$ cat model_37.txt   # compact mmCIF, N, CA and C atoms
# COMPACT_ATOMS: atom_id res chain seq x y z
N MET B 1 88.80 94.79 79.65
CA MET B 1 88.07 93.70 80.24
C MET B 1 88.97 92.95 81.20
N ASN B 2 88.38 92.50 82.31
CA ASN B 2 89.17 91.84 83.32
C ASN B 2 88.53 90.54 83.74
N ILE B 3 89.35 89.52 83.98
CA ILE B 3 88.82 88.21 84.38
C ILE B 3 88.72 88.06 85.89
N PHE B 4 89.26 89.01 86.66
CA PHE B 4 89.25 88.92 88.11
C PHE B 4 88.06 89.69 88.69
N SER B 5 87.60 89.25 89.84
CA SER B 5 86.52 89.94 90.55
C SER B 5 87.10 90.77 91.68
N ARG B 6 86.52 91.94 91.88
CA ARG B 6 86.99 92.82 92.95
C ARG B 6 86.64 92.21 94.31
N LEU B 7 87.67 92.12 95.18
CA LEU B 7 87.50 91.54 96.51
C LEU B 7 87.88 92.50 97.63
N GLN B 8 88.64 93.55 97.31
CA GLN B 8 89.17 94.47 98.32
C GLN B 8 88.88 95.92 97.92
N ASP B 9 88.88 96.83 98.91
CA ASP B 9 88.68 98.25 98.63
C ASP B 9 89.92 98.89 98.00
N ASN B 10 91.10 98.51 98.46
CA ASN B 10 92.37 99.05 97.97
C ASN B 10 92.50 98.76 96.48
N ASP B 11 92.59 99.81 95.64
CA ASP B 11 92.63 99.63 94.18
C ASP B 11 93.82 98.79 93.70
N LEU B 12 94.94 98.87 94.36
CA LEU B 12 96.10 98.08 93.97
C LEU B 12 95.89 96.59 94.28
N LEU B 13 95.23 96.32 95.39
CA LEU B 13 95.08 94.94 95.87
C LEU B 13 93.66 94.42 95.67
N LYS B 14 92.88 95.08 94.86
CA LYS B 14 91.45 94.80 94.77
C LYS B 14 91.10 93.39 94.29
N TYR B 15 91.98 92.72 93.59
CA TYR B 15 91.68 91.39 93.07
C TYR B 15 92.28 90.27 93.93
N LEU B 16 92.95 90.61 95.01
CA LEU B 16 93.60 89.60 95.85
C LEU B 16 92.61 88.98 96.83
N ASP B 17 92.73 87.67 97.02
CA ASP B 17 91.91 87.03 98.05
C ASP B 17 92.49 87.39 99.42
N GLU B 18 91.85 86.93 100.48
CA GLU B 18 92.27 87.34 101.84
C GLU B 18 93.72 86.95 102.16
N GLN B 19 94.12 85.76 101.78
CA GLN B 19 95.48 85.31 102.06
C GLN B 19 96.49 86.13 101.26
N GLU B 20 96.23 86.35 99.99
CA GLU B 20 97.12 87.16 99.15
C GLU B 20 97.17 88.59 99.66
N TYR B 21 96.01 89.11 100.04
CA TYR B 21 95.92 90.48 100.55
C TYR B 21 96.80 90.66 101.80
N ARG B 22 96.69 89.72 102.74
CA ARG B 22 97.49 89.82 103.97
C ARG B 22 98.98 89.80 103.66
N LEU B 23 99.39 88.98 102.70
CA LEU B 23 100.80 88.88 102.32
C LEU B 23 101.32 90.22 101.79
N VAL B 24 100.58 90.85 100.91
CA VAL B 24 101.04 92.12 100.32
C VAL B 24 100.83 93.29 101.29
N ALA B 25 99.73 93.28 102.01
CA ALA B 25 99.47 94.38 102.96
C ALA B 25 100.55 94.45 104.03
N ALA B 26 101.17 93.32 104.35
CA ALA B 26 102.19 93.28 105.38
C ALA B 26 103.44 94.09 105.02
N ILE B 27 103.69 94.31 103.74
CA ILE B 27 104.90 95.06 103.35
C ILE B 27 104.65 96.56 103.25
N ALA B 28 103.41 96.99 103.37
CA ALA B 28 103.08 98.41 103.20
C ALA B 28 103.60 99.24 104.37
N LYS B 29 104.16 100.36 104.03
CA LYS B 29 104.55 101.37 105.03
C LYS B 29 103.52 102.50 104.93
N GLU B 30 103.35 103.24 106.01
CA GLU B 30 102.40 104.35 106.00
C GLU B 30 103.14 105.68 106.11
N VAL B 31 102.67 106.64 105.33
CA VAL B 31 103.21 108.00 105.35
C VAL B 31 102.03 108.94 105.47
N ARG B 32 102.18 109.98 106.28
CA ARG B 32 101.10 110.95 106.48
C ARG B 32 101.54 112.34 106.02
N TYR B 33 100.57 113.07 105.45
CA TYR B 33 100.79 114.45 105.06
C TYR B 33 99.64 115.30 105.58
N LYS B 34 99.98 116.42 106.16
CA LYS B 34 98.96 117.36 106.62
C LYS B 34 98.30 118.03 105.42
N LYS B 35 97.12 118.53 105.62
CA LYS B 35 96.40 119.26 104.57
C LYS B 35 97.27 120.38 104.02
N ASN B 36 97.23 120.56 102.70
CA ASN B 36 97.95 121.60 101.97
C ASN B 36 99.47 121.43 101.95
N THR B 37 99.93 120.20 102.08
CA THR B 37 101.35 119.91 101.97
C THR B 37 101.66 119.57 100.51
N VAL B 38 102.72 120.16 99.96
CA VAL B 38 103.20 119.81 98.62
C VAL B 38 104.41 118.89 98.82
N PHE B 39 104.41 117.77 98.09
CA PHE B 39 105.46 116.78 98.29
C PHE B 39 105.76 116.05 96.99
N HIS B 40 106.85 115.29 96.99
CA HIS B 40 107.26 114.44 95.86
C HIS B 40 107.14 112.99 96.30
N LEU B 41 107.00 112.10 95.33
CA LEU B 41 106.96 110.67 95.61
C LEU B 41 108.01 109.95 94.76
N ALA B 42 108.60 108.93 95.32
CA ALA B 42 109.61 108.13 94.61
C ALA B 42 108.90 107.07 93.77
N THR B 43 108.29 107.51 92.66
CA THR B 43 107.50 106.61 91.83
C THR B 43 108.35 105.58 91.10
N GLU B 44 109.64 105.79 91.05
CA GLU B 44 110.52 104.82 90.40
C GLU B 44 110.71 103.58 91.27
N SER B 45 110.56 103.72 92.58
CA SER B 45 110.86 102.61 93.48
C SER B 45 109.69 102.18 94.36
N ASN B 46 108.56 102.87 94.25
CA ASN B 46 107.42 102.54 95.10
C ASN B 46 106.10 102.70 94.35
N LEU B 47 105.10 101.99 94.82
CA LEU B 47 103.71 102.19 94.40
C LEU B 47 102.99 102.78 95.60
N TYR B 48 102.00 103.62 95.34
CA TYR B 48 101.30 104.33 96.41
C TYR B 48 99.79 104.18 96.27
N VAL B 49 99.14 104.00 97.41
CA VAL B 49 97.69 103.96 97.48
C VAL B 49 97.28 104.91 98.60
N ILE B 50 96.24 105.69 98.35
CA ILE B 50 95.74 106.58 99.39
C ILE B 50 94.86 105.78 100.34
N LYS B 51 95.29 105.70 101.57
CA LYS B 51 94.49 105.01 102.59
C LYS B 51 93.37 105.92 103.06
N GLN B 52 93.71 107.20 103.20
CA GLN B 52 92.74 108.18 103.67
C GLN B 52 93.17 109.54 103.12
N GLY B 53 92.21 110.33 102.67
CA GLY B 53 92.52 111.68 102.21
C GLY B 53 92.30 111.85 100.73
N LYS B 54 92.88 112.94 100.21
CA LYS B 54 92.75 113.27 98.81
C LYS B 54 94.01 114.01 98.37
N VAL B 55 94.52 113.65 97.18
CA VAL B 55 95.77 114.21 96.68
C VAL B 55 95.57 114.66 95.24
N ALA B 56 96.04 115.86 94.93
CA ALA B 56 96.07 116.37 93.55
C ALA B 56 97.50 116.26 93.07
N PHE B 57 97.68 116.04 91.76
CA PHE B 57 99.03 116.06 91.23
C PHE B 57 99.12 117.05 90.09
N PHE B 58 100.29 117.70 90.03
CA PHE B 58 100.48 118.80 89.08
C PHE B 58 101.94 118.95 88.72
N MET B 59 102.19 119.77 87.72
CA MET B 59 103.53 120.21 87.38
C MET B 59 103.46 121.71 87.08
N TYR B 60 104.59 122.35 87.02
CA TYR B 60 104.63 123.77 86.71
C TYR B 60 104.83 123.96 85.21
N ASN B 61 104.12 124.93 84.62
CA ASN B 61 104.29 125.21 83.20
C ASN B 61 105.48 126.17 83.00
N HIS B 62 105.69 126.60 81.77
CA HIS B 62 106.84 127.46 81.45
C HIS B 62 106.75 128.84 82.11
N GLU B 63 105.55 129.21 82.58
CA GLU B 63 105.38 130.48 83.30
C GLU B 63 105.42 130.27 84.81
N ASN B 64 105.84 129.08 85.23
CA ASN B 64 105.94 128.70 86.63
C ASN B 64 104.60 128.71 87.36
N LEU B 65 103.53 128.42 86.61
CA LEU B 65 102.20 128.30 87.19
C LEU B 65 101.83 126.82 87.27
N PRO B 66 101.16 126.41 88.36
CA PRO B 66 100.81 124.99 88.48
C PRO B 66 99.73 124.59 87.47
N VAL B 67 99.92 123.43 86.86
CA VAL B 67 98.94 122.84 85.95
C VAL B 67 98.53 121.51 86.59
N PHE B 68 97.29 121.47 87.08
CA PHE B 68 96.81 120.27 87.77
C PHE B 68 96.28 119.26 86.76
N PHE B 69 96.69 118.01 86.91
CA PHE B 69 96.24 116.94 86.03
C PHE B 69 94.98 116.28 86.56
N ASP B 70 95.00 115.93 87.82
CA ASP B 70 93.90 115.15 88.37
C ASP B 70 94.05 115.12 89.87
N ASN B 71 93.06 114.56 90.53
CA ASN B 71 93.18 114.28 91.95
C ASN B 71 92.63 112.89 92.21
N VAL B 72 93.13 112.29 93.27
CA VAL B 72 92.74 110.94 93.63
C VAL B 72 92.37 110.90 95.10
N GLY B 73 91.48 109.97 95.43
CA GLY B 73 91.00 109.87 96.80
C GLY B 73 91.27 108.51 97.41
N ALA B 74 90.61 108.26 98.51
CA ALA B 74 90.82 107.05 99.31
C ALA B 74 90.73 105.79 98.46
N ASN B 75 91.67 104.91 98.69
CA ASN B 75 91.80 103.60 98.07
C ASN B 75 92.31 103.62 96.63
N GLU B 76 92.57 104.79 96.06
CA GLU B 76 93.08 104.87 94.70
C GLU B 76 94.61 104.82 94.68
N THR B 77 95.14 104.24 93.60
CA THR B 77 96.59 104.26 93.40
C THR B 77 96.98 105.62 92.84
N ILE B 78 98.20 106.06 93.14
CA ILE B 78 98.64 107.36 92.63
C ILE B 78 99.98 107.29 91.92
N TRP B 79 100.57 106.16 91.77
CA TRP B 79 101.88 106.08 91.12
C TRP B 79 101.82 106.40 89.64
N GLU B 80 100.67 106.17 88.99
CA GLU B 80 100.59 106.33 87.54
C GLU B 80 100.76 107.77 87.09
N SER B 81 100.67 108.70 87.99
CA SER B 81 100.79 110.11 87.59
C SER B 81 102.10 110.39 86.88
N ALA B 82 103.15 109.64 87.20
CA ALA B 82 104.44 109.84 86.52
C ALA B 82 104.35 109.50 85.04
N PHE B 83 103.33 108.76 84.63
CA PHE B 83 103.15 108.39 83.23
C PHE B 83 102.97 109.61 82.34
N PHE B 84 102.39 110.69 82.87
CA PHE B 84 102.06 111.86 82.07
C PHE B 84 103.26 112.72 81.73
N ILE B 85 104.38 112.49 82.33
CA ILE B 85 105.60 113.24 82.03
C ILE B 85 106.79 112.32 82.23
N GLN B 86 107.81 112.49 81.43
CA GLN B 86 108.95 111.57 81.47
C GLN B 86 109.73 111.65 82.78
N LYS B 87 109.86 112.82 83.34
CA LYS B 87 110.66 112.97 84.56
C LYS B 87 109.73 113.12 85.75
N SER B 88 109.67 112.08 86.56
CA SER B 88 108.74 112.11 87.69
C SER B 88 109.10 113.17 88.73
N GLU B 89 110.36 113.60 88.76
CA GLU B 89 110.72 114.64 89.73
C GLU B 89 110.03 115.97 89.43
N ASN B 90 109.48 116.12 88.22
CA ASN B 90 108.76 117.34 87.87
C ASN B 90 107.31 117.32 88.34
N ILE B 91 106.86 116.17 88.82
CA ILE B 91 105.48 116.06 89.29
C ILE B 91 105.45 116.35 90.78
N HIS B 92 104.51 117.18 91.16
CA HIS B 92 104.32 117.56 92.55
C HIS B 92 102.95 117.04 93.00
N PHE B 93 102.87 116.73 94.27
CA PHE B 93 101.63 116.24 94.85
C PHE B 93 101.20 117.21 95.93
N HIS B 94 99.90 117.42 96.04
CA HIS B 94 99.34 118.36 97.00
C HIS B 94 98.25 117.66 97.79
N SER B 95 98.43 117.57 99.10
CA SER B 95 97.41 116.95 99.94
C SER B 95 96.27 117.95 100.13
N MET B 96 95.11 117.60 99.61
CA MET B 96 93.95 118.49 99.67
C MET B 96 93.25 118.41 101.02
N GLU B 97 93.59 117.40 101.79
CA GLU B 97 93.13 117.23 103.16
C GLU B 97 94.17 116.37 103.86
N ASP B 98 94.06 116.21 105.18
CA ASP B 98 94.99 115.31 105.86
C ASP B 98 94.96 113.97 105.14
N THR B 99 96.14 113.46 104.81
CA THR B 99 96.23 112.29 103.94
C THR B 99 97.18 111.26 104.51
N GLN B 100 96.79 110.01 104.34
CA GLN B 100 97.65 108.89 104.73
C GLN B 100 97.84 108.00 103.51
N LEU B 101 99.11 107.75 103.16
CA LEU B 101 99.44 106.91 102.01
C LEU B 101 99.98 105.56 102.48
N LEU B 102 99.67 104.54 101.70
CA LEU B 102 100.30 103.24 101.86
C LEU B 102 101.37 103.15 100.79
N VAL B 103 102.58 102.80 101.20
CA VAL B 103 103.73 102.74 100.29
C VAL B 103 104.15 101.29 100.14
N TYR B 104 104.18 100.84 98.88
CA TYR B 104 104.60 99.47 98.56
C TYR B 104 105.90 99.54 97.79
N ASN B 105 106.97 99.09 98.40
CA ASN B 105 108.28 99.10 97.76
C ASN B 105 108.30 98.08 96.62
N LYS B 106 108.76 98.50 95.46
CA LYS B 106 108.75 97.62 94.28
C LYS B 106 109.62 96.37 94.48
N LYS B 107 110.75 96.50 95.15
CA LYS B 107 111.60 95.32 95.38
C LYS B 107 110.89 94.32 96.29
N ASP B 108 110.20 94.82 97.31
CA ASP B 108 109.43 93.92 98.18
C ASP B 108 108.32 93.25 97.39
N LEU B 109 107.67 94.01 96.51
CA LEU B 109 106.63 93.42 95.67
C LEU B 109 107.22 92.35 94.74
N GLU B 110 108.37 92.65 94.15
CA GLU B 110 109.00 91.68 93.25
C GLU B 110 109.33 90.38 93.97
N ASN B 111 109.73 90.47 95.24
CA ASN B 111 110.01 89.26 96.03
C ASN B 111 108.73 88.43 96.20
N ILE B 112 107.63 89.10 96.46
CA ILE B 112 106.35 88.40 96.57
C ILE B 112 105.96 87.80 95.22
N TYR B 113 106.11 88.58 94.15
CA TYR B 113 105.75 88.11 92.82
C TYR B 113 106.54 86.86 92.41
N ALA B 114 107.80 86.81 92.82
CA ALA B 114 108.64 85.65 92.48
C ALA B 114 108.10 84.37 93.12
N LYS B 115 107.51 84.50 94.30
CA LYS B 115 106.96 83.34 95.01
C LYS B 115 105.51 83.07 94.63
N GLU B 116 104.78 84.13 94.29
CA GLU B 116 103.34 84.03 94.01
C GLU B 116 103.01 84.77 92.72
N PRO B 117 103.28 84.18 91.56
CA PRO B 117 103.06 84.87 90.28
C PRO B 117 101.61 85.33 90.06
N ILE B 118 100.64 84.65 90.64
CA ILE B 118 99.25 85.07 90.47
C ILE B 118 99.01 86.44 91.10
N ILE B 119 99.73 86.73 92.18
CA ILE B 119 99.61 88.06 92.79
C ILE B 119 100.11 89.12 91.82
N HIS B 120 101.18 88.81 91.11
CA HIS B 120 101.69 89.75 90.11
C HIS B 120 100.64 90.00 89.03
N LEU B 121 100.04 88.94 88.52
CA LEU B 121 99.01 89.10 87.49
C LEU B 121 97.83 89.93 88.00
N LYS B 122 97.42 89.68 89.21
CA LYS B 122 96.26 90.40 89.76
C LYS B 122 96.57 91.87 90.03
N THR B 123 97.77 92.17 90.54
CA THR B 123 98.11 93.58 90.77
C THR B 123 98.35 94.31 89.46
N GLN B 124 98.91 93.62 88.47
CA GLN B 124 99.08 94.24 87.15
C GLN B 124 97.72 94.57 86.53
N ALA B 125 96.77 93.66 86.66
CA ALA B 125 95.42 93.92 86.16
C ALA B 125 94.81 95.12 86.87
N ALA B 126 95.01 95.21 88.17
CA ALA B 126 94.48 96.34 88.94
C ALA B 126 95.13 97.65 88.49
N LEU B 127 96.45 97.64 88.27
CA LEU B 127 97.14 98.85 87.81
C LEU B 127 96.67 99.26 86.42
N ASN B 128 96.45 98.29 85.55
CA ASN B 128 95.95 98.60 84.21
C ASN B 128 94.58 99.26 84.30
N ASP B 129 93.70 98.74 85.15
CA ASP B 129 92.38 99.34 85.35
C ASP B 129 92.51 100.79 85.82
N SER B 130 93.37 100.98 86.80
CA SER B 130 93.53 102.30 87.40
C SER B 130 94.06 103.30 86.38
N LEU B 131 95.04 102.89 85.61
CA LEU B 131 95.61 103.77 84.60
C LEU B 131 94.57 104.14 83.55
N CYS B 132 93.78 103.18 83.12
CA CYS B 132 92.72 103.46 82.13
C CYS B 132 91.71 104.45 82.69
N GLU B 133 91.30 104.26 83.93
CA GLU B 133 90.34 105.18 84.55
C GLU B 133 90.89 106.59 84.60
N LYS B 134 92.16 106.72 84.94
CA LYS B 134 92.76 108.06 85.03
C LYS B 134 92.90 108.69 83.65
N HIS B 135 93.22 107.90 82.64
CA HIS B 135 93.29 108.44 81.27
C HIS B 135 91.92 108.93 80.82
N ILE B 136 90.89 108.21 81.13
CA ILE B 136 89.53 108.64 80.76
C ILE B 136 89.19 109.94 81.47
N ARG B 137 89.47 110.02 82.77
CA ARG B 137 89.18 111.26 83.51
C ARG B 137 89.95 112.43 82.95
N LEU B 138 91.24 112.23 82.67
CA LEU B 138 92.07 113.32 82.14
C LEU B 138 91.57 113.75 80.77
N THR B 139 91.24 112.79 79.92
CA THR B 139 90.73 113.11 78.58
C THR B 139 89.44 113.90 78.67
N GLN B 140 88.52 113.47 79.53
CA GLN B 140 87.26 114.17 79.72
C GLN B 140 87.49 115.59 80.23
N LYS B 141 88.46 115.73 81.13
CA LYS B 141 88.79 117.07 81.67
C LYS B 141 89.33 117.97 80.55
N LEU B 142 90.24 117.44 79.74
CA LEU B 142 90.83 118.22 78.66
C LEU B 142 89.82 118.59 77.59
N LEU B 143 88.86 117.69 77.35
CA LEU B 143 87.84 117.95 76.34
C LEU B 143 86.65 118.74 76.88
N GLY B 144 86.63 118.92 78.20
CA GLY B 144 85.56 119.68 78.82
C GLY B 144 84.22 118.95 78.85
N THR B 145 84.27 117.61 78.91
CA THR B 145 83.02 116.84 78.95
C THR B 145 82.72 116.37 80.35

$ encode --input "model_37.txt" --output "structure tokens"
Amino acid sequence: MNIFSRLQDNDLLKYLDEQEYRLVAAIAKEVRYKKNTVFHLATESNLYVIKQGKVAFFMYNHENLPVFFDNVGANETIWESAFFIQKSENIHFHSMEDTQLLVYNKKDLENIYAKEPIIHLKTQAALNDSLCEKHIRLTQKLLGT
């Protein structure tokens, strides 16, 4: 349950008002990947939101075959994928179409949070929502429902 109302499309910033949104959006960097690119993300130091495109995340099993966990699309956060395995360097990302990511550096976010604690609460609530949604999708996938 959440006490905030959705105000923005971006899942990470969805509870921020216009002024808060502009403050956090200003620190975002953009990264682009062509369709069918496999890449890694620095989930220890950044948060990621898909601005445009679709990304699948996977790891290799003991037979060196890819095991796909989930895929995410426009406006969804993708940093939580590291939650499914202890070592994030083992997680690979695959751009299923031309993709543009917004990258939010955690240190830059922490600087904003220190000045505006309500932004921290709102982004944490958004991340909690996102993680729960992904757990439900993964569970449904594993159970075949």

$ closest_residue --input "model_37.txt" --among "B:Gln52, B:Ser5, B:Gln19, B:Thr123" --to "Gly73 in chain B" --atoms "only N, CA and C atoms"
B:Gln52

$ atom_distance --input "model_37.txt" --atom1 "atom C of Lys14 in chain B" --atom2 "atom C of His40 in chain B"
25.4 Å

$ axis_aligned_box --input "model_37.txt" --around "range 120-123 of chain B" --padding-each-side "4 Å" --output "AutoDock Vina command-line options"
--center_x 99.0 --center_y 91.6 --center_z 89.3 --size_x 13.4 --size_y 13.5 --size_z 11.6

$ closest_atom_pairs --input "model_37.txt" --of "range 34-60 of chain B" --to "range 98-118 of chain B" --cutoff "5 Å" --atoms "all atoms listed in the file" --output "JSON lines"
{"residue": "B:Lys34", "atom": "C", "partner": "B:Asp98", "partner_atom": "CA", "distance": 4.3}
{"residue": "B:Lys35", "atom": "N", "partner": "B:Asp98", "partner_atom": "N", "distance": 3.9}
{"residue": "B:Ser45", "atom": "C", "partner": "B:Lys106", "partner_atom": "N", "distance": 4.0}
{"residue": "B:Asn46", "atom": "CA", "partner": "B:Lys106", "partner_atom": "N", "distance": 4.3}
{"residue": "B:Leu47", "atom": "N", "partner": "B:Tyr104", "partner_atom": "C", "distance": 3.9}
{"residue": "B:Tyr48", "atom": "CA", "partner": "B:Leu102", "partner_atom": "C", "distance": 4.5}
{"residue": "B:Val49", "atom": "C", "partner": "B:Leu102", "partner_atom": "N", "distance": 3.9}
{"residue": "B:Ile50", "atom": "CA", "partner": "B:Leu101", "partner_atom": "CA", "distance": 4.5}
{"residue": "B:Lys51", "atom": "N", "partner": "B:Gln100", "partner_atom": "C", "distance": 3.9}
{"residue": "B:Gln52", "atom": "C", "partner": "B:Gln100", "partner_atom": "N", "distance": 3.8}
{"residue": "B:Gly53", "atom": "CA", "partner": "B:Thr99", "partner_atom": "CA", "distance": 4.1}

$ select_by_dssp --input "model_37.txt" --residues "range 11-110 of chain B" --states "strand (DSSP E or B)" --output "ChimeraX atom specification"
/B:29-33,38-39,46-52,54-60,66-73,77,92-95,99-105

$ atom_distance --input "model_37.txt" --atom1 "CA of Phe4 in chain B" --atom2 "atom N of Asp17 in chain B"
9.6 Å

$ atom_distance --input "model_37.txt" --atom1 "atom C of Ala28 in chain B" --atom2 "CA of Ile136 in chain B"
29.0 Å

$ decode --input "model_37.txt" --residues "range 59-70 of chain B" --atoms "N, CA and C atoms" --output "PDB file, in the first residue's frame"
ATOM      1  N   MET B  59      20.996 -14.495 -16.866  1.00  0.00           N
ATOM      2  CA  MET B  59      22.308 -14.979 -16.464  1.00  0.00           C
ATOM      3  C   MET B  59      22.529 -16.317 -17.163  1.00  0.00           C
ATOM      4  N   TYR B  60      23.740 -16.792 -17.164  1.00  0.00           N
ATOM      5  CA  TYR B  60      24.042 -18.081 -17.767  1.00  0.00           C
ATOM      6  C   TYR B  60      23.986 -19.168 -16.700  1.00  0.00           C
ATOM      7  N   ASN B  61      23.416 -20.331 -17.059  1.00  0.00           N
ATOM      8  CA  ASN B  61      23.363 -21.442 -16.118  1.00  0.00           C
ATOM      9  C   ASN B  61      24.667 -22.239 -16.177  1.00  0.00           C
ATOM     10  N   HIS B  62      24.730 -23.346 -15.456  1.00  0.00           N
ATOM     11  CA  HIS B  62      25.955 -24.149 -15.385  1.00  0.00           C
ATOM     12  C   HIS B  62      26.326 -24.787 -16.725  1.00  0.00           C
ATOM     13  N   GLU B  63      25.366 -24.839 -17.660  1.00  0.00           N
ATOM     14  CA  GLU B  63      25.637 -25.362 -19.004  1.00  0.00           C
ATOM     15  C   GLU B  63      25.931 -24.240 -19.993  1.00  0.00           C
ATOM     16  N   ASN B  64      26.135 -23.040 -19.468  1.00  0.00           N
ATOM     17  CA  ASN B  64      26.427 -21.845 -20.252  1.00  0.00           C
ATOM     18  C   ASN B  64      25.292 -21.459 -21.206  1.00  0.00           C
ATOM     19  N   LEU B  65      24.059 -21.771 -20.792  1.00  0.00           N
ATOM     20  CA  LEU B  65      22.881 -21.379 -21.557  1.00  0.00           C
ATOM     21  C   LEU B  65      22.204 -20.208 -20.842  1.00  0.00           C
ATOM     22  N   PRO B  66      21.686 -19.240 -21.608  1.00  0.00           N
ATOM     23  CA  PRO B  66      21.041 -18.094 -20.956  1.00  0.00           C
ATOM     24  C   PRO B  66      19.723 -18.485 -20.294  1.00  0.00           C
ATOM     25  N   VAL B  67      19.516 -17.975 -19.084  1.00  0.00           N
ATOM     26  CA  VAL B  67      18.262 -18.158 -18.358  1.00  0.00           C
ATOM     27  C   VAL B  67      17.691 -16.749 -18.164  1.00  0.00           C
ATOM     28  N   PHE B  68      16.601 -16.467 -18.875  1.00  0.00           N
ATOM     29  CA  PHE B  68      16.000 -15.134 -18.818  1.00  0.00           C
ATOM     30  C   PHE B  68      15.057 -15.034 -17.632  1.00  0.00           C
ATOM     31  N   PHE B  69      15.190 -13.952 -16.872  1.00  0.00           N
ATOM     32  CA  PHE B  69      14.332 -13.718 -15.715  1.00  0.00           C
ATOM     33  C   PHE B  69      13.088 -12.945 -16.092  1.00  0.00           C
ATOM     34  N   ASP B  70      13.274 -11.869 -16.816  1.00  0.00           N
ATOM     35  CA  ASP B  70      12.159 -10.975 -17.086  1.00  0.00           C
ATOM     36  C   ASP B  70      12.594  -9.986 -18.146  1.00  0.00           C
TER      37      ASP B  70
END
